[in-house]
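A.B. asks: For reference, this is start-v4.cif, and it has mmCIF, C-alpha atoms and all ligand atoms.
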```cif
data_structure
loop_
_atom_site.label_atom_id
_atom_site.label_comp_id
_atom_site.auth_asym_id
_atom_site.auth_seq_id
_atom_site.Cartn_x
_atom_site.Cartn_y
_atom_site.Cartn_z
CA MET A 50 -126.61 50.00 -26.62
CA LYS A 51 -125.13 50.61 -30.07
CA ASN A 52 -122.80 48.09 -31.70
CA ALA A 53 -120.47 50.95 -32.60
CA ASP A 54 -120.08 51.74 -28.88
CA LEU A 55 -119.37 48.09 -28.14
CA SER A 56 -116.55 47.82 -30.64
CA ALA A 57 -115.22 51.31 -29.83
CA PHE A 58 -115.05 50.39 -26.14
CA SER A 59 -112.42 47.68 -26.54
CA SER A 60 -110.26 49.49 -29.09
CA LEU A 61 -110.23 52.72 -27.06
CA LEU A 62 -109.38 50.79 -23.90
CA MET A 63 -106.56 48.82 -25.52
CA ALA A 64 -105.07 51.96 -27.11
CA TRP A 65 -105.08 53.66 -23.70
CA ASN A 66 -103.44 50.58 -22.21
CA ARG A 67 -100.64 50.62 -24.80
CA ASN A 68 -99.95 54.34 -24.64
CA PHE A 69 -100.87 55.65 -21.20
CA ASN A 70 -101.41 52.92 -18.63
CA ARG A 71 -98.39 52.96 -16.32
CA ARG A 72 -99.90 51.17 -13.33
CA ALA A 73 -97.23 48.86 -11.84
CA MET A 74 -97.84 45.89 -9.54
CA PRO A 75 -95.38 43.10 -8.66
CA TRP A 76 -97.47 40.37 -10.32
CA LYS A 77 -98.41 42.34 -13.45
CA GLY A 78 -97.36 40.69 -16.72
CA ILE A 79 -96.28 37.49 -14.97
CA LYS A 80 -97.26 34.26 -16.74
CA ASP A 81 -96.64 31.80 -13.88
CA PRO A 82 -100.15 30.59 -12.86
CA TYR A 83 -98.98 29.84 -9.31
CA LYS A 84 -97.91 33.46 -8.76
CA ILE A 85 -101.03 34.82 -10.45
CA TRP A 86 -103.22 32.56 -8.31
CA MET A 87 -101.38 33.69 -5.16
CA SER A 88 -101.83 37.38 -6.02
CA GLU A 89 -105.52 36.90 -6.84
CA ILE A 90 -106.27 35.01 -3.61
CA ILE A 91 -104.56 37.77 -1.60
CA LEU A 92 -106.45 40.48 -3.52
CA GLN A 93 -109.89 38.86 -3.13
CA GLN A 94 -110.75 41.06 -0.15
CA THR A 95 -107.65 43.21 0.16
CA ARG A 96 -106.53 46.49 -1.38
CA VAL A 97 -103.60 46.31 -3.82
CA ASP A 98 -101.32 48.54 -1.72
CA GLN A 99 -101.95 46.37 1.36
CA GLY A 100 -101.60 43.08 -0.55
CA GLU A 101 -98.29 43.81 -2.29
CA LYS A 102 -96.03 43.12 0.68
CA TYR A 103 -97.91 39.92 1.54
CA TYR A 104 -97.54 38.72 -2.05
CA THR A 105 -93.81 39.48 -2.09
CA ASP A 106 -93.33 37.76 1.26
CA PHE A 107 -95.33 34.65 0.30
CA ILE A 108 -93.52 34.22 -3.01
CA ALA A 109 -90.12 34.72 -1.34
CA SER A 110 -90.98 32.15 1.37
CA TYR A 111 -92.71 29.66 -0.94
CA PRO A 112 -91.38 30.14 -4.49
CA THR A 113 -93.21 27.06 -5.79
CA ILE A 114 -96.57 25.48 -5.12
CA SER A 115 -94.83 22.40 -3.69
CA GLN A 116 -92.99 24.52 -1.14
CA LEU A 117 -96.31 26.02 -0.07
CA ALA A 118 -97.94 22.57 0.04
CA ASN A 119 -95.18 21.23 2.30
CA ALA A 120 -94.96 24.30 4.56
CA ASN A 121 -95.81 24.29 8.25
CA GLU A 122 -99.47 25.42 8.34
CA GLU A 123 -99.06 27.54 11.47
CA ASP A 124 -96.26 29.44 9.66
CA VAL A 125 -98.51 30.02 6.65
CA PHE A 126 -101.34 31.33 8.86
CA ARG A 127 -98.88 33.56 10.68
CA LYS A 128 -97.73 35.06 7.39
CA TRP A 129 -101.39 35.68 6.54
CA GLN A 130 -101.93 37.60 9.80
CA GLY A 131 -103.42 41.03 9.21
CA LEU A 132 -105.08 40.13 5.90
CA GLY A 133 -108.23 38.77 7.54
CA TYR A 134 -110.78 36.48 5.88
CA TYR A 135 -108.76 33.44 6.94
CA ASN A 136 -110.86 31.08 4.82
CA ARG A 137 -108.80 32.33 1.91
CA CYS A 138 -105.62 31.12 3.60
CA ARG A 139 -107.18 27.78 4.55
CA ASN A 140 -108.39 27.22 0.97
CA MET A 141 -105.02 28.28 -0.40
CA ILE A 142 -103.31 25.56 1.64
CA VAL A 143 -105.88 22.93 0.53
CA THR A 144 -105.41 23.89 -3.13
CA ALA A 145 -101.61 23.89 -2.91
CA LYS A 146 -101.66 20.38 -1.38
CA PHE A 147 -104.17 19.20 -4.00
CA ILE A 148 -102.10 20.43 -6.96
CA HIS A 149 -98.88 19.11 -5.41
CA THR A 150 -100.18 15.61 -4.71
CA GLU A 151 -102.95 15.07 -7.27
CA ASN A 152 -101.63 17.01 -10.26
CA ASP A 153 -97.83 16.46 -10.09
CA ALA A 154 -97.44 20.05 -8.87
CA ILE A 155 -98.65 21.33 -12.25
CA PHE A 156 -101.20 24.14 -12.13
CA PRO A 157 -104.29 23.29 -14.24
CA ASP A 158 -104.43 25.15 -17.55
CA ASP A 159 -108.11 25.21 -18.47
CA TYR A 160 -110.89 27.39 -17.05
CA ASP A 161 -113.12 24.61 -15.67
CA SER A 162 -110.28 22.85 -13.82
CA ILE A 163 -109.10 26.18 -12.40
CA LEU A 164 -112.67 27.05 -11.32
CA ALA A 165 -112.92 23.67 -9.56
CA LEU A 166 -110.02 24.54 -7.21
CA LYS A 167 -111.01 25.33 -3.64
CA GLY A 168 -111.21 29.07 -3.00
CA VAL A 169 -111.37 29.94 -6.69
CA GLY A 170 -114.53 31.63 -7.98
CA GLU A 171 -115.48 32.88 -11.42
CA TYR A 172 -113.48 36.09 -11.17
CA THR A 173 -110.26 34.37 -10.03
CA ALA A 174 -110.63 31.57 -12.62
CA ALA A 175 -111.05 34.17 -15.39
CA ALA A 176 -108.04 36.14 -14.14
CA ILE A 177 -105.74 33.09 -14.01
CA SER A 178 -107.02 31.71 -17.34
CA SER A 179 -106.49 34.98 -19.17
CA PHE A 180 -103.27 36.20 -17.51
CA ALA A 181 -101.43 32.87 -17.50
CA PHE A 182 -102.92 31.05 -20.48
CA ASN A 183 -104.35 33.86 -22.65
CA LEU A 184 -107.82 32.28 -22.59
CA PRO A 185 -110.76 34.61 -23.41
CA TYR A 186 -112.60 34.75 -20.08
CA ALA A 187 -113.65 38.22 -18.94
CA VAL A 188 -112.96 39.21 -15.35
CA VAL A 189 -115.77 40.98 -13.52
CA ASP A 190 -114.74 42.67 -10.29
CA GLY A 191 -115.81 45.93 -8.64
CA ASN A 192 -113.67 48.00 -11.02
CA VAL A 193 -115.11 46.31 -14.11
CA VAL A 194 -118.71 46.64 -12.86
CA ARG A 195 -118.16 50.36 -12.23
CA VAL A 196 -116.63 51.07 -15.66
CA LEU A 197 -119.26 49.08 -17.59
CA SER A 198 -122.15 50.46 -15.53
CA ARG A 199 -121.07 54.03 -16.22
CA VAL A 200 -120.10 53.69 -19.88
CA PHE A 201 -123.30 51.83 -20.79
CA SER A 202 -125.49 53.40 -18.05
CA LEU A 203 -126.50 49.95 -16.84
CA HIS A 204 -129.48 49.85 -14.51
CA ALA A 205 -128.74 46.20 -13.72
CA SER A 206 -127.43 45.50 -10.23
CA TYR A 207 -124.46 43.16 -9.89
CA PHE A 208 -125.95 42.11 -6.56
CA ASP A 209 -128.97 40.31 -7.97
CA ALA A 210 -128.75 37.17 -10.10
CA THR A 211 -130.28 38.63 -13.29
CA GLY A 212 -128.19 41.79 -13.16
CA LYS A 213 -125.03 39.82 -12.50
CA LYS A 214 -125.68 37.58 -15.49
CA ALA A 215 -126.32 40.59 -17.75
CA ILE A 216 -123.11 42.36 -16.67
CA GLN A 217 -121.06 39.18 -17.08
CA ALA A 218 -122.51 38.64 -20.56
CA LEU A 219 -121.66 42.21 -21.56
CA ALA A 220 -118.12 41.84 -20.19
CA GLN A 221 -117.68 38.65 -22.16
CA THR A 222 -118.91 40.34 -25.37
CA LEU A 223 -116.40 43.15 -24.97
CA ILE A 224 -113.25 41.14 -24.26
CA ASP A 225 -110.42 41.36 -26.78
CA LYS A 226 -110.20 37.76 -28.01
CA LYS A 227 -106.59 38.12 -29.17
CA GLU A 228 -105.23 39.65 -25.98
CA PRO A 229 -107.69 38.73 -23.22
CA GLY A 230 -105.10 38.96 -20.45
CA LYS A 231 -104.04 42.47 -21.43
CA TYR A 232 -107.66 43.52 -21.92
CA ASN A 233 -108.69 42.23 -18.48
CA GLN A 234 -105.79 43.99 -16.80
CA ALA A 235 -106.52 47.18 -18.74
CA ILE A 236 -110.17 47.47 -17.70
CA MET A 237 -109.31 46.80 -14.05
CA ASP A 238 -106.48 49.36 -14.21
CA LEU A 239 -108.79 51.94 -15.76
CA GLY A 240 -111.30 51.38 -12.97
CA ALA A 241 -108.62 51.61 -10.28
CA THR A 242 -106.76 54.67 -11.60
CA ILE A 243 -109.20 56.73 -13.74
CA CYS A 244 -112.82 55.65 -13.28
CA LYS A 245 -112.51 55.67 -9.49
CA PRO A 246 -115.54 55.30 -7.21
CA GLN A 247 -115.35 58.97 -6.20
CA GLN A 248 -114.27 61.79 -8.49
CA PRO A 249 -113.45 59.85 -11.66
CA ASP A 250 -110.89 61.56 -13.87
CA CYS A 251 -113.10 61.81 -16.98
CA SER A 252 -110.78 64.29 -18.70
CA SER A 253 -108.05 61.59 -18.84
CA CYS A 254 -110.40 58.75 -19.70
CA PRO A 255 -110.22 57.11 -23.14
CA LEU A 256 -113.95 56.33 -22.97
CA THR A 257 -115.10 59.85 -22.28
CA LEU A 258 -116.79 60.34 -25.69
CA ILE A 259 -118.86 57.14 -25.45
CA CYS A 260 -119.55 57.14 -21.71
CA GLN A 261 -123.32 57.43 -21.26
CA ALA A 262 -123.10 58.37 -17.58
CA ARG A 263 -120.76 61.25 -18.35
CA LEU A 264 -122.77 62.38 -21.38
CA THR A 265 -125.98 62.46 -19.35
CA ASP A 266 -124.31 63.89 -16.26
CA SER A 267 -125.38 60.93 -14.11
CA ILE A 268 -122.07 59.38 -13.01
CA ALA A 269 -123.10 59.36 -9.34
CA SER A 270 -126.03 57.04 -10.17
CA PHE A 271 -123.73 54.24 -11.41
CA PRO A 272 -123.01 51.51 -10.53
CA ILE A 273 -126.23 50.48 -8.79
CA LYS A 274 -125.29 50.06 -5.13
CA LYS A 275 -125.78 47.09 -2.87
CA GLU A 276 -128.29 47.48 -0.05
CA ARG A 277 -126.37 47.50 3.21
CA LYS A 278 -127.56 45.26 6.03
CA PRO A 279 -126.78 46.34 9.58
CA LEU A 280 -123.75 44.64 11.13
CA LYS A 281 -124.39 41.79 13.53
CA GLU A 282 -123.07 42.76 16.97
CA ARG A 283 -121.07 40.04 18.76
CA PRO A 284 -119.73 40.65 22.29
CA PHE A 285 -116.75 38.35 23.07
CA HIS A 286 -115.55 38.19 26.67
CA PHE A 287 -111.94 36.98 26.77
CA LEU A 288 -110.47 35.58 29.96
CA VAL A 289 -106.72 36.21 29.66
CA PHE A 290 -105.22 33.58 31.96
CA HIS A 291 -101.51 33.96 32.48
CA THR A 292 -98.70 33.25 34.87
CA THR A 293 -95.39 35.12 34.93
CA SER A 294 -94.02 33.04 32.06
CA THR A 295 -97.01 31.44 30.36
CA ILE A 296 -100.22 32.44 28.62
CA TYR A 297 -103.24 30.20 28.00
CA LEU A 298 -104.98 30.03 24.64
CA THR A 299 -107.62 28.15 22.76
CA LYS A 300 -107.69 27.28 19.06
CA ARG A 301 -110.98 28.16 17.39
CA SER A 302 -112.79 25.47 15.47
CA GLY A 303 -116.27 24.99 14.00
CA ASN A 304 -117.94 26.90 11.22
CA ASP A 305 -117.37 30.41 12.50
CA ILE A 306 -114.98 33.33 12.15
CA TRP A 307 -111.28 32.86 12.97
CA LYS A 308 -111.30 29.08 12.50
CA ASP A 309 -107.82 27.60 13.27
CA LEU A 310 -106.62 30.85 14.85
CA HIS A 311 -105.87 31.27 18.55
CA THR A 312 -107.67 33.45 21.07
CA PHE A 313 -108.02 33.53 24.84
CA TYR A 314 -110.77 31.56 26.59
CA CYS A 315 -113.86 33.16 25.10
CA ILE A 316 -117.46 33.53 26.28
CA GLU A 317 -119.82 35.10 23.77
CA THR A 318 -122.61 36.82 25.64
CA GLU A 319 -124.27 40.20 26.10
CA LYS A 320 -123.76 40.12 29.84
CA LEU A 321 -121.11 38.12 31.63
CA THR A 322 -122.75 36.42 34.62
CA GLN A 323 -121.38 34.18 37.34
CA LYS A 324 -123.13 31.18 35.78
CA LEU A 325 -121.18 31.53 32.54
CA LEU A 326 -117.78 31.78 34.21
CA PRO A 327 -115.58 28.82 35.20
CA ASP A 328 -116.24 27.80 38.87
CA PHE A 329 -113.00 29.19 40.24
CA ILE A 330 -113.66 32.76 39.07
CA ASN A 331 -115.90 35.23 40.75
CA THR A 332 -117.38 38.09 38.71
CA ARG A 333 -116.54 40.51 41.53
CA GLU A 334 -112.86 39.64 41.21
CA LEU A 335 -112.69 40.52 37.53
CA ASN A 336 -110.87 43.73 36.74
CA LYS A 337 -112.38 46.32 34.47
CA PRO A 338 -111.83 44.90 30.97
CA LEU A 339 -109.89 46.46 28.15
CA VAL A 340 -112.40 46.93 25.31
CA LEU A 341 -111.37 46.66 21.66
CA THR A 342 -113.45 46.31 18.52
CA GLN A 343 -112.99 44.84 15.08
CA ILE A 344 -115.34 45.28 12.13
CA LEU A 345 -115.66 42.34 9.77
CA SER A 346 -117.74 42.36 6.58
CA HIS A 347 -121.04 41.51 8.30
CA GLN A 348 -120.16 41.58 11.98
CA LYS A 349 -118.91 43.94 14.65
CA ILE A 350 -116.85 42.12 17.26
CA THR A 351 -116.45 43.82 20.61
CA GLY A 352 -113.75 42.14 22.69
CA TYR A 353 -113.74 42.54 26.50
CA PHE A 354 -110.35 41.44 27.79
CA TYR A 355 -110.12 40.47 31.49
CA LEU A 356 -106.59 39.93 32.78
CA ILE A 357 -106.50 36.97 35.16
CA PRO A 358 -103.05 36.40 36.69
CA LEU A 359 -102.53 32.93 38.20
CA GLN A 360 -99.90 31.52 40.56
CA THR A 361 -100.31 28.02 39.09
CA ALA A 362 -102.34 26.61 36.23
CA THR A 363 -103.95 23.70 38.10
CA SER A 364 -107.40 25.33 38.12
CA LEU A 365 -107.38 25.54 34.29
CA LYS A 366 -107.31 21.79 33.70
CA SER A 367 -111.03 21.46 32.90
CA LEU A 368 -110.89 24.25 30.31
CA ASN A 369 -108.64 22.38 27.84
CA LEU A 370 -106.45 25.38 27.15
CA ILE A 371 -103.12 25.39 25.34
CA SER A 372 -100.20 26.73 27.35
CA VAL A 373 -97.72 28.86 25.45
CA LYS A 374 -94.57 30.54 26.74
CA LYS A 375 -94.96 34.30 26.54
CA THR A 376 -91.67 34.41 24.64
CA ALA A 377 -93.16 32.15 21.94
CA ILE A 378 -96.40 33.96 21.13
CA ASN A 379 -94.87 35.39 17.95
CA LYS A 380 -94.96 31.85 16.54
CA ILE A 381 -98.75 31.63 16.89
CA ALA A 382 -101.40 32.83 14.42
CA PHE A 383 -103.95 35.21 15.97
CA PRO A 384 -106.86 37.25 14.60
CA LYS A 385 -106.35 41.00 14.39
CA LEU A 386 -108.36 41.74 17.51
CA ILE A 387 -106.07 39.59 19.64
CA LEU A 388 -102.98 41.15 18.04
CA SER A 389 -104.40 44.56 18.99
CA PHE A 390 -104.75 43.32 22.56
CA PHE A 391 -101.06 42.31 22.63
CA GLU A 392 -100.10 45.73 21.26
CA ASN A 393 -102.05 47.31 24.13
CA ASN A 394 -100.45 45.14 26.81
CA GLN A 395 -96.73 45.53 27.13
CA TYR A 396 -96.70 43.32 30.26
CA LEU A 397 -97.05 40.30 28.00
S1 LIG A 401 -115.78 59.06 -18.71
FE1 LIG A 401 -115.62 59.23 -16.52
S2 LIG A 401 -117.32 58.04 -15.69
FE2 LIG A 401 -117.07 57.47 -17.83
S3 LIG A 401 -115.77 55.66 -17.79
FE3 LIG A 401 -114.44 57.42 -18.06
S4 LIG A 401 -113.81 58.02 -15.97
FE4 LIG A 401 -115.58 56.65 -15.83
#
```
Please express what this file holds, its structure, as structure tokens.
Ligand code: SF4
C.D. replies:
Amino acid sequence: MKNADLSAFSSLLMAWNRNFNRRAMPWKGIKDPYKIWMSEIILQQTRVDQGEKYYTDFIASYPTISQLANANEEDVFRKWQGLGYYNRCRNMIVTAKFIHTENDAIFPDDYDSILALKGVGEYTAAAISSFAFNLPYAVVDGNVVRVLSRVFSLHASYFDATGKKAIQALAQTLIDKKEPGKYNQAIMDLGATICKPQQPDCSSCPLTLICQARLTDSIASFPIKKERKPLKERPFHFLVFHTTSTIYLTKRSGNDIWKDLHTFYCIETEKLTQKLLPDFINTRELNKPLVLTQILSHQKITGYFYLIPLQTATSLKSLNLISVKKTAINKIAFPKLILSFFENNQYL
């Protein structure tokens, strides 16, 4: 890698940013660390176009970190519905409470303190530090890895420890020390709008004359891809107990998906047998289930929904379920699979 290419990289990128980059996002250019943090937590596993309305809604509902810290948690989870990866929401609440009570509601202003916040990793800490406080910490996300891998034809993989370190070190070398926030936004914008995963627009790219992948006609080889593991299959059998006015739910706990969200009584098993069912239900009485699926990052959930109408709820006592009026289910936070079930069942 030539030094000339290294210095040309940043100046070409910054010139493109000044003259041609028109990418608009509601949080772009904002200096308030709370708003930047909120946008970055939402964007951790969410596309920008999907995250924008959630960001706008969250900031409108909780304009300050103290308002978020003091909010009703069920309301916050409900607002998060549809974004998935609920750990992000849980960590966001913990961090808001921490800053509100332990730090006089003042967002920390140095990289290490920001990195120490729950739910904040290296990328998010670099983004907040550079956007809000103009500190020279390079962001490294999928867009940045793609641009750097192509321009410098990097054979390092971001998915192994050595490769990750090498890419982070290169990113840190390249950052514009005077305008780190603008530089970080520029490289991510270039990756999102020009150097896209498929069919990059090399003719509009400011780096086209120094891009090794383009010059050697090997763009498709970069970045080095992650090896995909097969998804873990998880069959969930949901017993949907309900009376004419009430529905019965359980709140998930433990170290598993959907923690703190509500589902129906759930039995995870390949085959639903009489032994696994509560005493008062007979397998032969179960109707054919509605089957819905949801793909998570490493798991495929197949939900089998059995409707079980009841005259009274006395038989449910031993199951420790939560009774909720059907008219009040829109106040409860559910995972996407359960929301899909409600969309498929107008009777509820
Ligand atoms: S020249 Fe093409 S492949 Fe290279 S950085 Fe620009 S858009 Fe990406």
A.B. asks: Box time for ligand LIG 401 (chain A): axis-aligned, enclosing all its listed atoms, 6 Å extra on each side; report centre and edge lengths in Å to one decimal, as AutoDock Vina command-line options.
C.D. replies:
```
--center_x -115.6 --center_y 57.4 --center_z -17.2 --size_x 15.5 --size_y 15.6 --size_z 15.0
```
A.B. asks: Can you pull out the residues contacting region 165-168 of chain A? Cut-off 9 Å, using only C-alpha atoms, and skip same-chain residues under 4 positions away; I want them as a JSON list (two decimals) with C-alpha atoms, keeping the file's coordinate frame.
C.D. replies:
```json
[["chain", "number", "residue", "atom", "x", "y", "z"],
["A", 90, "ILE", "CA", -106.27, 35.01, -3.61],
["A", 136, "ASN", "CA", -110.86, 31.08, 4.82],
["A", 137, "ARG", "CA", -108.80, 32.33, 1.91],
["A", 138, "CYS", "CA", -105.62, 31.12, 3.60],
["A", 139, "ARG", "CA", -107.18, 27.78, 4.55],
["A", 140, "ASN", "CA", -108.39, 27.22, 0.97],
["A", 141, "MET", "CA", -105.02, 28.28, -0.40],
["A", 143, "VAL", "CA", -105.88, 22.93, 0.53],
["A", 144, "THR", "CA", -105.41, 23.89, -3.13],
["A", 147, "PHE", "CA", -104.17, 19.20, -4.00],
["A", 148, "ILE", "CA", -102.10, 20.43, -6.96],
["A", 160, "TYR", "CA", -110.89, 27.39, -17.05],
["A", 161, "ASP", "CA", -113.12, 24.61, -15.67],
["A", 173, "THR", "CA", -110.26, 34.37, -10.03],
["A", 174, "ALA", "CA", -110.63, 31.57, -12.62]]
```
A.B. asks: Once you count all atoms listed in the file, which residues end up within 8 Å of ligand LIG 401 (chain A), and could you hand them over as a list in words?
C.D. replies: Arg195, Val196, Leu197, Arg199, Val200, Leu239, Gly240, Ile243, Cys244, Lys245, Pro249, Asp250, Cys251, Ser252, Ser253, Cys254, Pro255, Leu256, Thr257, Leu258, Ile259, Cys260, Gln261, Ala262, Arg263 and Ile268 of chain A
A.B. asks: Near region 379-391 of chain A, within 10 Å and counting only C-alpha atoms, which residues show up once chain neighbours fewer than 3 positions away are dropped, as a VMD selection string?
C.D. replies: chain A and resid 122 to 135 287 300 306 to 313 339 to 344 350 to 354 373 375 to 376 394 to 397
A.B. asks: Write out as a ChimeraX atom specification which residues come within 9 Å of Leu184 (chain A) when counting all atoms listed in the file, dropping same-chain ones fewer than 5 positions away.
C.D. replies: /A:159-160,175,177-179,226-230
A.B. asks: Residues at most 12 Å from Thr363 (chain A), counting all atoms listed in the file, excluding those fewer than 4 positions away in the same chain, as a PyMOL selection string?
C.D. replies: chain A and resi 290-292+329+359+367-370+372
A.B. asks: Which value, in Å to one decimal, gives the distance between CA of Arg72 (chain A) and CA of Asp190 (chain A)?
C.D. replies: 17.4 Å
A.B. asks: Out of A:Phe182, A:Tyr314, A:Tyr355, A:Tyr297, which residue has the shortest atom-to-atom distance to Ile378 (chain A) when counting all atoms listed in the file?
C.D. replies: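 Nearest to Ile378 (chain A): A:Tyr297.
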A.B. asks: Once you count only C-alpha atoms, which residues end up no further than 8 Å from (-97.5, 38.8, -16.0) in the file's frame, shown as a ChimeraX atom specification?
C.D. replies: /A:76-81,85,180-181
A.B. asks: Rank A:Leu92, A:Phe156, A:Ala235, A:Leu321 by their smallest atom-to-atom distance to Asn68 (chain A), using only C-alpha atoms, and report the top residue only.
C.D. replies: A:Ala235
A.B. asks: Between CA of Ala176 (chain A) and CA of Ile163 (chain A), measure the distance and give it in Å to one decimal.
C.D. replies: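 Between these atoms lies a distance of 10.2 Å.
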